[in-house]
Structures are given as structure tokens and as C-alpha cells.
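Shown below: run07.cif, with mmCIF, C-alpha atoms and all ligand atoms.
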```cif
data_model
loop_
_atom_site.group_PDB
_atom_site.id
_atom_site.type_symbol
_atom_site.label_atom_id
_atom_site.label_comp_id
_atom_site.auth_asym_id
_atom_site.auth_seq_id
_atom_site.Cartn_x
_atom_site.Cartn_y
_atom_site.Cartn_z
ATOM 1 C CA MET P 1 14.707 -22.766 -1.150
ATOM 2 C CA ALA P 2 15.412 -22.554 2.537
ATOM 3 C CA LEU P 3 12.463 -20.575 3.840
ATOM 4 C CA ARG P 4 11.660 -21.373 7.435
ATOM 5 C CA PHE P 5 8.193 -19.895 7.213
ATOM 6 C CA ARG P 6 5.122 -21.659 5.880
ATOM 7 C CA ARG P 7 2.806 -18.745 5.156
ATOM 8 C CA ILE P 8 3.878 -15.135 4.814
ATOM 9 C CA VAL P 9 1.808 -11.956 4.801
ATOM 10 C CA VAL P 10 3.526 -8.704 3.809
ATOM 11 C CA LEU P 11 1.927 -5.289 4.355
ATOM 12 C CA THR P 12 3.411 -2.315 2.522
ATOM 13 C CA GLY P 13 2.823 1.429 2.733
ATOM 14 C CA ALA P 14 4.003 4.587 1.019
ATOM 15 C CA GLY P 15 7.541 4.299 2.458
ATOM 16 C CA ILE P 16 8.406 1.421 0.125
ATOM 17 C CA SER P 17 7.754 3.665 -2.883
ATOM 18 C CA ALA P 18 9.420 6.806 -1.461
ATOM 19 C CA GLU P 19 12.767 6.077 -3.113
ATOM 20 C CA SER P 20 10.947 5.582 -6.421
ATOM 21 C CA GLY P 21 9.965 9.251 -6.236
ATOM 22 C CA LEU P 22 6.381 8.863 -5.022
ATOM 23 C CA GLY P 23 5.630 11.002 -2.001
ATOM 24 C CA THR P 24 4.541 9.582 1.333
ATOM 25 C CA PHE P 25 1.611 11.104 3.233
ATOM 26 C CA ARG P 26 2.765 12.062 6.709
ATOM 27 C CA ASP P 27 6.512 12.682 6.394
ATOM 28 C CA LYS P 28 7.957 16.183 6.127
ATOM 29 C CA ASP P 29 6.802 17.331 2.635
ATOM 30 C CA GLY P 30 4.277 14.457 2.590
ATOM 31 C CA LEU P 31 1.033 14.780 0.606
ATOM 32 C CA TRP P 32 -1.047 15.485 3.717
ATOM 33 C CA THR P 33 1.186 18.436 4.600
ATOM 34 C CA LYS P 34 0.289 20.040 1.242
ATOM 35 C CA TYR P 35 -3.325 18.929 0.770
ATOM 36 C CA ASP P 36 -6.244 18.644 3.172
ATOM 37 C CA LEU P 37 -7.161 14.960 3.148
ATOM 38 C CA ASN P 38 -10.774 15.892 3.974
ATOM 39 C CA GLU P 39 -10.959 17.769 0.683
ATOM 40 C CA VAL P 40 -9.253 15.233 -1.613
ATOM 41 C CA ALA P 41 -9.628 11.818 0.044
ATOM 42 C CA THR P 42 -13.189 11.603 1.355
ATOM 43 C CA PRO P 43 -16.563 11.072 -0.365
ATOM 44 C CA GLU P 44 -17.719 14.380 1.171
ATOM 45 C CA GLY P 45 -14.761 16.255 -0.322
ATOM 46 C CA PHE P 46 -15.516 14.725 -3.730
ATOM 47 C CA ALA P 47 -19.167 15.766 -3.473
ATOM 48 C CA ARG P 48 -18.108 19.345 -2.579
ATOM 49 C CA ASN P 49 -15.432 19.800 -5.232
ATOM 50 C CA PRO P 50 -15.026 16.938 -7.717
ATOM 51 C CA ARG P 51 -12.762 19.003 -9.988
ATOM 52 C CA LEU P 52 -10.192 19.479 -7.206
ATOM 53 C CA VAL P 53 -10.238 15.740 -6.447
ATOM 54 C CA HIS P 54 -9.820 14.888 -10.126
ATOM 55 C CA GLU P 55 -6.869 17.294 -10.384
ATOM 56 C CA PHE P 56 -5.230 15.759 -7.314
ATOM 57 C CA TYR P 57 -5.502 12.168 -8.585
ATOM 58 C CA SER P 58 -4.646 13.112 -12.192
ATOM 59 C CA ALA P 59 -1.376 14.662 -10.935
ATOM 60 C CA ARG P 60 -0.628 11.517 -8.903
ATOM 61 C CA ARG P 61 -1.296 9.401 -12.010
ATOM 62 C CA LYS P 62 1.276 11.431 -13.942
ATOM 63 C CA ASN P 63 3.871 10.961 -11.182
ATOM 64 C CA LEU P 64 3.219 7.241 -11.095
ATOM 65 C CA LEU P 65 3.629 6.872 -14.855
ATOM 66 C CA ASP P 66 7.165 8.294 -14.478
ATOM 67 C CA ALA P 67 8.121 6.089 -11.508
ATOM 68 C CA LYS P 68 10.045 2.816 -11.474
ATOM 69 C CA PRO P 69 10.155 0.127 -8.797
ATOM 70 C CA ASN P 70 13.189 0.085 -6.509
ATOM 71 C CA ALA P 71 15.248 -2.678 -4.896
ATOM 72 C CA ALA P 72 12.686 -3.172 -2.113
ATOM 73 C CA HIS P 73 9.888 -3.953 -4.582
ATOM 74 C CA ALA P 74 12.220 -6.328 -6.432
ATOM 75 C CA ALA P 75 13.186 -8.123 -3.215
ATOM 76 C CA LEU P 76 9.533 -8.777 -2.348
ATOM 77 C CA ALA P 77 8.899 -10.184 -5.827
ATOM 78 C CA ALA P 78 11.870 -12.550 -5.306
ATOM 79 C CA LEU P 79 10.503 -13.561 -1.906
ATOM 80 C CA GLU P 80 7.112 -14.329 -3.437
ATOM 81 C CA GLU P 81 8.737 -16.515 -6.036
ATOM 82 C CA ALA P 82 10.730 -18.382 -3.375
ATOM 83 C CA ALA P 83 7.618 -18.811 -1.226
ATOM 84 C CA GLY P 84 5.926 -20.688 -4.054
ATOM 85 C CA GLY P 85 2.401 -19.355 -3.658
ATOM 86 C CA ASN P 86 2.539 -19.026 0.128
ATOM 87 C CA LEU P 87 2.963 -15.262 0.253
ATOM 88 C CA LEU P 88 0.193 -12.680 0.184
ATOM 89 C CA LEU P 89 1.291 -9.099 -0.471
ATOM 90 C CA VAL P 90 -1.215 -6.618 0.929
ATOM 91 C CA THR P 91 -0.504 -3.033 -0.010
ATOM 92 C CA GLN P 92 -2.036 0.228 1.116
ATOM 93 C CA ASN P 93 -0.382 1.790 -1.914
ATOM 94 C CA VAL P 94 -2.422 2.703 -4.944
ATOM 95 C CA ASP P 95 0.649 2.616 -7.199
ATOM 96 C CA THR P 96 1.594 -0.298 -9.480
ATOM 97 C CA LEU P 97 5.279 -0.590 -8.545
ATOM 98 C CA HIS P 98 4.897 -4.019 -6.914
ATOM 99 C CA GLU P 99 3.361 -5.393 -10.116
ATOM 100 C CA GLN P 100 6.069 -3.750 -12.223
ATOM 101 C CA ALA P 101 8.704 -5.460 -10.061
ATOM 102 C CA GLY P 102 7.062 -8.854 -10.630
ATOM 103 C CA SER P 103 4.806 -9.414 -7.599
ATOM 104 C CA ARG P 104 1.651 -11.304 -8.543
ATOM 105 C CA ASN P 105 -0.235 -12.351 -5.418
ATOM 106 C CA ILE P 106 -1.095 -8.804 -4.441
ATOM 107 C CA ARG P 107 -4.166 -7.148 -2.973
ATOM 108 C CA HIS P 108 -4.598 -3.375 -3.140
ATOM 109 C CA MET P 109 -6.628 -2.746 -0.003
ATOM 110 C CA HIS P 110 -6.876 1.005 -0.777
ATOM 111 C CA GLY P 111 -7.590 0.505 -4.479
ATOM 112 C CA GLU P 112 -5.583 1.396 -7.565
ATOM 113 C CA LEU P 113 -4.661 4.793 -8.963
ATOM 114 C CA LEU P 114 -4.578 3.550 -12.558
ATOM 115 C CA ARG P 115 -8.183 2.381 -12.460
ATOM 116 C CA THR P 116 -11.319 4.502 -12.819
ATOM 117 C CA ARG P 117 -14.700 3.582 -11.397
ATOM 118 C CA CYS P 118 -18.111 4.885 -12.351
ATOM 119 C CA GLY P 119 -19.944 5.947 -9.179
ATOM 120 C CA PRO P 120 -23.456 5.432 -10.620
ATOM 121 C CA CYS P 121 -22.956 1.993 -12.273
ATOM 122 C CA GLY P 122 -19.883 0.673 -10.415
ATOM 123 C CA HIS P 123 -17.981 -0.281 -13.580
ATOM 124 C CA SER P 124 -14.198 -0.245 -13.012
ATOM 125 C CA ALA P 125 -11.567 -0.251 -15.749
ATOM 126 C CA ALA P 126 -7.828 0.298 -16.213
ATOM 127 C CA ASP P 127 -7.225 3.965 -17.039
ATOM 128 C CA GLU P 128 -4.115 6.161 -17.228
ATOM 129 C CA ASP P 129 -5.813 9.298 -18.543
ATOM 130 C CA GLU P 130 -6.661 12.559 -16.865
ATOM 131 C CA LEU P 131 -9.841 12.438 -14.805
ATOM 132 C CA THR P 132 -12.432 15.057 -15.795
ATOM 133 C CA LEU P 133 -16.091 15.734 -15.127
ATOM 134 C CA GLU P 134 -16.772 15.685 -18.865
ATOM 135 C CA ARG P 135 -15.607 12.108 -19.487
ATOM 136 C CA GLN P 136 -18.252 9.423 -19.876
ATOM 137 C CA CYS P 137 -18.355 5.944 -18.378
ATOM 138 C CA THR P 138 -17.521 3.385 -21.085
ATOM 139 C CA ALA P 139 -20.127 0.990 -19.646
ATOM 140 C CA CYS P 140 -23.220 3.111 -18.867
ATOM 141 C CA GLY P 141 -22.406 6.236 -20.884
ATOM 142 C CA ARG P 142 -23.073 8.694 -18.038
ATOM 143 C CA ALA P 143 -20.820 11.758 -17.754
ATOM 144 C CA GLY P 144 -19.755 13.276 -14.450
ATOM 145 C CA GLY P 145 -19.771 10.122 -12.361
ATOM 146 C CA LEU P 146 -16.202 8.900 -12.789
ATOM 147 C CA ARG P 147 -13.817 8.710 -9.835
ATOM 148 C CA PRO P 148 -10.436 7.096 -9.193
ATOM 149 C CA ASP P 149 -10.926 3.487 -8.053
ATOM 150 C CA VAL P 150 -9.288 4.173 -4.697
ATOM 151 C CA VAL P 151 -10.583 3.879 -1.149
ATOM 152 C CA TRP P 152 -11.219 7.185 0.607
ATOM 153 C CA PHE P 153 -11.444 7.841 4.331
ATOM 154 C CA GLY P 154 -14.853 6.685 5.495
ATOM 155 C CA GLU P 155 -15.037 3.936 2.839
ATOM 156 C CA MET P 156 -14.483 0.221 3.350
ATOM 157 C CA PRO P 157 -11.049 -1.083 2.264
ATOM 158 C CA PHE P 158 -11.072 -3.865 -0.321
ATOM 159 C CA HIS P 159 -10.350 -7.608 0.210
ATOM 160 C CA MET P 160 -10.762 -7.468 3.994
ATOM 161 C CA ASP P 161 -12.180 -10.993 4.432
ATOM 162 C CA GLU P 162 -9.372 -12.573 2.450
ATOM 163 C CA ILE P 163 -6.755 -10.508 4.305
ATOM 164 C CA ALA P 164 -8.200 -11.468 7.689
ATOM 165 C CA ASP P 165 -8.064 -15.145 6.722
ATOM 166 C CA ALA P 166 -4.442 -14.831 5.620
ATOM 167 C CA LEU P 167 -3.434 -13.010 8.818
ATOM 168 C CA GLY P 168 -5.090 -15.702 10.894
ATOM 169 C CA ASP P 169 -3.071 -18.384 9.155
ATOM 170 C CA CYS P 170 0.391 -16.820 8.736
ATOM 171 C CA ASP P 171 3.615 -17.560 10.583
ATOM 172 C CA LEU P 172 5.532 -14.499 9.334
ATOM 173 C CA PHE P 173 4.152 -10.968 9.052
ATOM 174 C CA LEU P 174 6.264 -8.161 7.576
ATOM 175 C CA SER P 175 5.158 -4.535 7.778
ATOM 176 C CA ILE P 176 7.148 -2.282 5.451
ATOM 177 C CA GLY P 177 7.171 1.490 4.967
ATOM 178 C CA THR P 178 4.003 2.368 6.819
ATOM 179 C CA SER P 179 3.451 4.789 9.689
ATOM 180 C CA GLY P 180 0.902 2.483 11.327
ATOM 181 C CA THR P 181 -1.586 5.302 11.773
ATOM 182 C CA VAL P 182 -4.443 4.184 9.516
ATOM 183 C CA TYR P 183 -6.787 1.347 10.454
ATOM 184 C CA PRO P 184 -7.563 -1.400 9.667
ATOM 185 C CA ALA P 185 -4.004 -1.915 8.328
ATOM 186 C CA ALA P 186 -2.459 -0.635 11.555
ATOM 187 C CA GLY P 187 -4.143 -3.502 13.409
ATOM 188 C CA PHE P 188 -2.825 -6.293 11.181
ATOM 189 C CA VAL P 189 0.256 -6.835 13.367
ATOM 190 C CA LEU P 190 -1.938 -7.742 16.324
ATOM 191 C CA ALA P 191 -3.998 -10.192 14.265
ATOM 192 C CA ALA P 192 -0.821 -11.856 12.978
ATOM 193 C CA ALA P 193 0.729 -11.984 16.460
ATOM 194 C CA HIS P 194 -2.499 -13.489 17.774
ATOM 195 C CA ALA P 195 -2.161 -16.229 15.133
ATOM 196 C CA GLY P 196 1.334 -16.956 16.475
ATOM 197 C CA ALA P 197 3.259 -15.309 13.628
ATOM 198 C CA HIS P 198 6.701 -13.766 13.944
ATOM 199 C CA THR P 199 6.135 -10.030 13.358
ATOM 200 C CA VAL P 200 8.698 -7.720 11.772
ATOM 201 C CA GLU P 201 8.712 -3.973 11.141
ATOM 202 C CA LEU P 202 10.955 -2.635 8.352
ATOM 203 C CA ASN P 203 10.719 1.138 8.181
ATOM 204 C CA LEU P 204 12.734 4.327 8.021
ATOM 205 C CA GLU P 205 11.892 5.027 11.654
ATOM 206 C CA PRO P 206 9.765 3.457 14.399
ATOM 207 C CA SER P 207 6.057 3.527 13.487
ATOM 208 C CA GLU P 208 3.202 4.339 15.853
ATOM 209 C CA GLY P 209 2.851 0.694 16.784
ATOM 210 C CA HIS P 210 6.521 -0.301 16.673
ATOM 211 C CA SER P 211 6.525 -1.819 20.149
ATOM 212 C CA THR P 212 4.018 -4.484 19.079
ATOM 213 C CA PHE P 213 6.522 -5.988 16.599
ATOM 214 C CA ALA P 214 8.804 -8.787 17.739
ATOM 215 C CA GLU P 215 11.617 -7.648 15.434
ATOM 216 C CA ARG P 216 12.418 -4.191 14.039
ATOM 217 C CA ARG P 217 14.874 -2.810 11.539
ATOM 218 C CA TYR P 218 15.226 0.798 10.512
ATOM 219 C CA GLY P 219 16.671 2.390 7.386
ATOM 220 C CA PRO P 220 15.727 3.101 3.767
ATOM 221 C CA ALA P 221 13.545 0.366 2.262
ATOM 222 C CA SER P 222 15.849 -0.089 -0.742
ATOM 223 C CA ALA P 223 18.565 -1.280 1.662
ATOM 224 C CA ILE P 224 16.808 -3.001 4.565
ATOM 225 C CA VAL P 225 14.183 -4.934 2.576
ATOM 226 C CA PRO P 226 16.692 -6.699 0.258
ATOM 227 C CA ASP P 227 18.875 -7.397 3.336
ATOM 228 C CA TYR P 228 15.997 -8.900 5.237
ATOM 229 C CA VAL P 229 14.770 -10.948 2.279
ATOM 230 C CA ASN P 230 18.307 -12.249 1.696
ATOM 231 C CA SER P 231 18.492 -13.336 5.319
ATOM 232 C CA LEU P 232 15.202 -15.229 4.910
ATOM 233 C CA LEU P 233 16.287 -16.836 1.644
ATOM 234 C CA SER P 234 19.578 -17.963 3.138
ATOM 235 C CA GLY P 235 17.709 -19.837 5.820
ATOM 236 C CA GLY P 236 18.008 -17.416 8.716
ATOM 237 C CA ARG P 237 15.238 -16.004 10.798
ATOM 238 C CA HIS P 238 17.306 -12.855 11.146
ATOM 239 C CA GLY P 239 20.081 -11.377 9.037
ATOM 240 C CA GLY P 240 22.256 -8.287 8.861
ATOM 241 C CA THR P 241 22.549 -6.029 11.856
ATOM 242 C CA ALA P 242 20.409 -3.802 14.051
ATOM 243 C CA ILE P 243 17.923 -6.353 15.279
ATOM 244 C CA ALA P 244 15.826 -4.988 18.091
ATOM 245 C CA ASP P 245 14.067 -7.319 20.510
HETATM 246 P P1 LIG P 301 2.613 7.407 5.715
HETATM 247 O O1 LIG P 301 3.028 8.609 4.944
HETATM 248 O O2 LIG P 301 1.651 7.586 6.827
HETATM 249 O O3 LIG P 301 3.899 6.689 6.316
HETATM 250 C C1 LIG P 301 5.003 6.399 5.515
HETATM 251 C C2 LIG P 301 6.029 5.686 6.380
HETATM 252 O O4 LIG P 301 7.116 5.341 5.529
HETATM 253 C C3 LIG P 301 6.606 6.527 7.530
HETATM 254 O O5 LIG P 301 6.594 5.767 8.719
HETATM 255 C C4 LIG P 301 8.044 6.822 7.079
HETATM 256 O O6 LIG P 301 8.955 6.850 8.164
HETATM 257 C C5 LIG P 301 8.326 5.638 6.189
HETATM 258 N N1 LIG P 301 9.325 5.920 5.136
HETATM 259 C C6 LIG P 301 9.548 7.075 4.460
HETATM 260 N N2 LIG P 301 10.535 6.932 3.572
HETATM 261 C C7 LIG P 301 10.960 5.647 3.677
HETATM 262 C C8 LIG P 301 11.967 4.877 3.027
HETATM 263 N N3 LIG P 301 12.754 5.402 2.083
HETATM 264 N N4 LIG P 301 12.126 3.585 3.410
HETATM 265 C C9 LIG P 301 11.335 3.045 4.371
HETATM 266 N N5 LIG P 301 10.371 3.714 5.016
HETATM 267 C C10 LIG P 301 10.177 5.000 4.669
HETATM 268 O O7 LIG P 301 2.067 6.343 4.639
HETATM 269 P P2 LIG P 301 1.185 5.041 4.884
HETATM 270 O O8 LIG P 301 1.506 4.410 6.184
HETATM 271 O O9 LIG P 301 1.254 4.227 3.653
HETATM 272 O O10 LIG P 301 -4.684 6.099 2.710
HETATM 273 O O11 LIG P 301 -0.266 5.675 4.975
HETATM 274 C C11 LIG P 301 -1.379 4.841 5.164
HETATM 275 C C12 LIG P 301 -2.561 5.390 4.439
HETATM 276 O O12 LIG P 301 -2.775 6.752 4.833
HETATM 277 C C13 LIG P 301 -2.399 5.489 2.941
HETATM 278 O O13 LIG P 301 -2.728 4.299 2.259
HETATM 279 C C14 LIG P 301 -3.352 6.576 2.557
HETATM 280 C C15 LIG P 301 -2.955 7.549 3.637
HETATM 281 O O14 LIG P 301 -3.832 8.548 3.924
HETATM 282 C C16 LIG P 301 -5.692 6.661 2.032
HETATM 283 O O15 LIG P 301 -5.519 7.614 1.293
HETATM 284 C C17 LIG P 301 -7.034 6.040 2.290
#
```
Can the structure in the file be given as C-alpha cells, please?
Ligand code: OAD
Amino acid sequence: MALRFRRIVVLTGAGISAESGLGTFRDKDGLWTKYDLNEVATPEGFARNPRLVHEFYSARRKNLLDAKPNAAHAALAALEEAAGGNLLLVTQNVDTLHEQAGSRNIRHMHGELLRTRCGPCGHSAADEDELTLERQCTACGRAGGLRPDVVWFGEMPFHMDEIADALGDCDLFLSIGTSGTVYPAAGFVLAAAHAGAHTVELNLEPSEGHSTFAERRYGPASAIVPDYVNSLLSGGRHGGTAIAD
């Protein structure tokens, strides 16, 4: 293994799963062009119309159950294996495609679509079924309190202390398939740069914060992520073409 980096943090967003058939949020035809995020991705929206929120996440569950990881997910699993425990994969995605591809050291900062949490008692469990108001919590028995175990706007993302520690101690930070519009994830590049890490953006197009990255490559994730990982595994800091800065 010829990795030049000691500790790697990877951040992924919806773009890495786009070629697996899962929609992104802000692209043309993205989820937030069809749904009002205030209605389906906030605690207030859930309080107003829980049935609509359940329908939205139940449909996303169905899509996810039909999806398969792509070459970008596989490349990150290979990088984790090569890094021998020194890679933390932080994803904003609520899908399970990283796990299906073989990634293990993963933190879902925006929660997981295939888990259901009981609002009243807090119990969380793996669940692939349709969400309804009639279903009861398997722990406390209450009906009507179940919600997808995801983080909505206005709620605190998960694992933030651990992620901050990892960013403060990394020497390579990769940001993949994210528009860089949602905080705190959008600020991770600055934390990593502050720690002295080399920062790399891999995305279809320049993100909001693209100019803060030391290195940038643009194209579909299924092509540019395997290319970049191959360049790292073959001992290079850079590989392929189209290096900016
Ligand atoms: P966005 O939809 O905001 O951004 C997706 C990014 O992926 C865009 O920059 C696209 O250019 C890029 N992209 C699209 N297809 C791609 C491909 N094939 N290869 C590489 N890149 C591609 O999604 P996120 O940045 O993940 O939060 O959004 C962040 C958060 O906002 C989400 O976790 C979600 C959302 O609202 C919550 O719901 C709390």
C-alpha cells in the first residue's frame, strides 16, 4: 500500500448516488424542485402533515431498495481497506449504498432512511417498511409517533463531535458529490484546511465553495472517484487529468 496520507476524511453527498438512480436535491429534476423541503424535511412540516412526510420517505425507501452502489462507492470501499482503519467516511446521504459497496467506517450525519425512530421514546430500529401513522413503536407500543430516523432542517446532525475531531486530525479531505450549500457539512473543508490537510473536490460541477479546495476535478462520480482513488493507491498525490490549482 503506497498511500501518502496518514488520516483521510471523506465527505459524500447525493451526487455520489445519482448514477445509482437516487435523485439529488438541487439539480434540475432534484427532489427540492418537486417537493417543498419545509413541508417534508422539517419538524414543523411533520407536525403539520405527518401523512405527507411518511409518504415522501416511504417512496424514497422504495427507490433505495431498488438501487445498487456504483463504481464510486466501490472505489471508496477499496480506499478504506487500503487505508487500514485511517479513513472516516462521513456521508450526508441517508441511503445505504456505501455499506452495500463494503465501506465500514461510516457515519451518517443526516441519519438513515432504512431506520425508524419513535419520537416519544427515542427507540430506533432498522426498518424497510412503509411508514404510517397507524404503526406502533416496537419498544413503547405507542402508535402515531414513528418517524424516519433522518435529520431534518432545524435538527442537529449526528456524530458532530467525532467528525470535528477527525477533521482536526486529517491530512487529506475529499468532498464528493455535494453542492456545498448545507451547513455544517459545507464548512468541513475549512476545518480540514485549517488542520493542514490537502483538500480535494470531486463533483459533477464546481460547488458553492469550490474555490476553497486546493484541488478540483469535475465529471461523473463513477468515473472521477475511481480515477482519483487509483491515483492515490498508486502512490501519487494527483492522477489522471484536469487538475485545477
Ligand atoms: P445536492 O442536491 O445539493 O447536490 C448534489 C451535488 O452532486 C451537485 O453539486 C451536483 O452537481 C452533484 N452531482 C450530480 N450528479 C453527479 C454525478 N453523477 N457525479 C458527481 N456529482 C454529481 O445534494 P447534497 O449536497 O448532498 O439534507 O445536499 C446536502 C443536503 O441537502 C442533503 O443531505 C439533504 C439536502 O437537503 C437534508 O435533507 C437534511
* Quick one: distance from atom C3 of ligand LIG 301 (chain P) to CA of Gly177 in chain P in Å, one decimal? ->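 So the two atoms, atom C3 of ligand LIG 301 (chain P) and CA of Gly177 in chain P, lie 5.7 Å apart.
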* Shell of 12 Å around His123 in chain P, all atoms listed in the file, local chain residues under 2 positions omitted, as a list in words ->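 That gives Arg115, Thr116, Arg117, Cys118, Gly119, Pro120, Cys121, Ala125, Ala126, Gln136, Cys137, Thr138, Ala139, Cys140, Gly141, Arg142, Gly145, Leu146, Arg147, Pro148 and Asp149 of chain P.
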* **Between CA of Val53 in chain P and CA of Thr132 in chain P, distance in Å (one decimal)** => 9.6 Å
* **Best match for closeness to ligand LIG 301 (chain P) among P:Gly45, P:Pro69, P:Gly30, P:Gly85, counting all atoms listed in the file** =>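 Distance minimum relative to ligand LIG 301 (chain P) lands on P:Gly30.
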* Asked: Could you name the residues that touch Ile163 in chain P at 9 Å or less, counting all atoms listed in the file, but leaving out those on the same chain fewer than 5 positions away, as a list in words?
  ->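 Within the cut-off, the hits are Val9, Leu88, Val90, Arg107, Met109, Gly168 and Phe188 of chain P.
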* Evaluating the PyMOL selection byres (((chain P and resi 37) around 12) and not hetatm) on the displayed file yields which residues, as a PyMOL selection string? -> chain P and resi 25-26+30-36+38-46+52-53+56+152-154
Take the residues that were just selected and, keeping C-alpha atoms, output them as a PDB file, in the frame of the given file.
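The new file again-v2.pdb reads:
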```
ATOM      1  CA  PHE P  25       1.611  11.104   3.233  1.00  0.00           C
ATOM      2  CA  ARG P  26       2.765  12.062   6.709  1.00  0.00           C
ATOM      3  CA  GLY P  30       4.277  14.457   2.590  1.00  0.00           C
ATOM      4  CA  LEU P  31       1.033  14.780   0.606  1.00  0.00           C
ATOM      5  CA  TRP P  32      -1.047  15.485   3.717  1.00  0.00           C
ATOM      6  CA  THR P  33       1.186  18.436   4.600  1.00  0.00           C
ATOM      7  CA  LYS P  34       0.289  20.040   1.242  1.00  0.00           C
ATOM      8  CA  TYR P  35      -3.325  18.929   0.770  1.00  0.00           C
ATOM      9  CA  ASP P  36      -6.244  18.644   3.172  1.00  0.00           C
ATOM     10  CA  ASN P  38     -10.774  15.892   3.974  1.00  0.00           C
ATOM     11  CA  GLU P  39     -10.959  17.769   0.683  1.00  0.00           C
ATOM     12  CA  VAL P  40      -9.253  15.233  -1.613  1.00  0.00           C
ATOM     13  CA  ALA P  41      -9.628  11.818   0.044  1.00  0.00           C
ATOM     14  CA  THR P  42     -13.189  11.603   1.355  1.00  0.00           C
ATOM     15  CA  PRO P  43     -16.563  11.072  -0.365  1.00  0.00           C
ATOM     16  CA  GLU P  44     -17.719  14.380   1.171  1.00  0.00           C
ATOM     17  CA  GLY P  45     -14.761  16.255  -0.322  1.00  0.00           C
ATOM     18  CA  PHE P  46     -15.516  14.725  -3.730  1.00  0.00           C
ATOM     19  CA  LEU P  52     -10.192  19.479  -7.206  1.00  0.00           C
ATOM     20  CA  VAL P  53     -10.238  15.740  -6.447  1.00  0.00           C
ATOM     21  CA  PHE P  56      -5.230  15.759  -7.314  1.00  0.00           C
ATOM     22  CA  TRP P 152     -11.219   7.185   0.607  1.00  0.00           C
ATOM     23  CA  PHE P 153     -11.444   7.841   4.331  1.00  0.00           C
ATOM     24  CA  GLY P 154     -14.853   6.685   5.495  1.00  0.00           C
TER      25      GLY P 154
END
```
* To do: Would you mind reading off the distance between atom O10 of ligand LIG 301 (chain P) and CA of Glu81 in chain P, one decimal, in Å?
  =>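 So the two atoms, atom O10 of ligand LIG 301 (chain P) and CA of Glu81 in chain P, lie 27.7 Å apart.
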* Skip Glu80 in chain P itself and residues of its chain fewer than 6 positions away, then list as a ChimeraX atom specification all residues within 12 Å of it, counting all atoms listed in the file. => /P:1,3,7-10,73-74,86-89,98-99,101-106,229,232-233
Give me a file of those residues, with C-alpha atoms, as a JSON list (two decimals), in the coordinates of the input.
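Everything below was put into out15.json:
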```json
[["chain", "number", "residue", "atom", "x", "y", "z"],
["P", 1, "MET", "CA", 14.71, -22.77, -1.15],
["P", 3, "LEU", "CA", 12.46, -20.58, 3.84],
["P", 7, "ARG", "CA", 2.81, -18.74, 5.16],
["P", 8, "ILE", "CA", 3.88, -15.14, 4.81],
["P", 9, "VAL", "CA", 1.81, -11.96, 4.80],
["P", 10, "VAL", "CA", 3.53, -8.70, 3.81],
["P", 73, "HIS", "CA", 9.89, -3.95, -4.58],
["P", 74, "ALA", "CA", 12.22, -6.33, -6.43],
["P", 86, "ASN", "CA", 2.54, -19.03, 0.13],
["P", 87, "LEU", "CA", 2.96, -15.26, 0.25],
["P", 88, "LEU", "CA", 0.19, -12.68, 0.18],
["P", 89, "LEU", "CA", 1.29, -9.10, -0.47],
["P", 98, "HIS", "CA", 4.90, -4.02, -6.91],
["P", 99, "GLU", "CA", 3.36, -5.39, -10.12],
["P", 101, "ALA", "CA", 8.70, -5.46, -10.06],
["P", 102, "GLY", "CA", 7.06, -8.85, -10.63],
["P", 103, "SER", "CA", 4.81, -9.41, -7.60],
["P", 104, "ARG", "CA", 1.65, -11.30, -8.54],
["P", 105, "ASN", "CA", -0.24, -12.35, -5.42],
["P", 106, "ILE", "CA", -1.10, -8.80, -4.44],
["P", 229, "VAL", "CA", 14.77, -10.95, 2.28],
["P", 232, "LEU", "CA", 15.20, -15.23, 4.91],
["P", 233, "LEU", "CA", 16.29, -16.84, 1.64]]
```
* **For Ala82 in chain P, the nearest of the candidates P:Arg135, P:Phe5, P:Ala47, P:Glu215, counting only C-alpha atoms** =>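 That would be P:Phe5, the residue with the smallest distance to Ala82 in chain P.
Between ligand LIG 301 (chain P) and the candidates P:Gly196, P:Gly235, P:Pro226, P:Gly13, the tightest atom-to-atom separation, counting all atoms listed in the file, involves P:Gly13.
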* Return the single residue from P:Arg48, P:His194, P:His54, P:His210 that is closest to Ser175 in chain P, with distances computed using only C-alpha atoms. =>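 For Ser175 in chain P, the nearest of the candidates is P:His210.
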* **Among listed residues P:Ala59, P:Ile224, P:Val189, P:Leu65, nearest ligand LIG 301 (chain P) (using only C-alpha atoms and all ligand atoms)** => P:Ile224
* Asked: Hey, which of P:Ser234, P:Asn203, P:Asn63, P:Asn70 ends up closest to Tyr218 in chain P? Count all atoms listed in the file.
  -> P:Asn203
* To do: Check which residues satisfy the PyMOL selection byres (((chain P and resi 129) around 9) and not hetatm) in the file shown, then give them as a PyMOL selection string.
  => chain P and resi 58+61-62+114+127-128+130-131
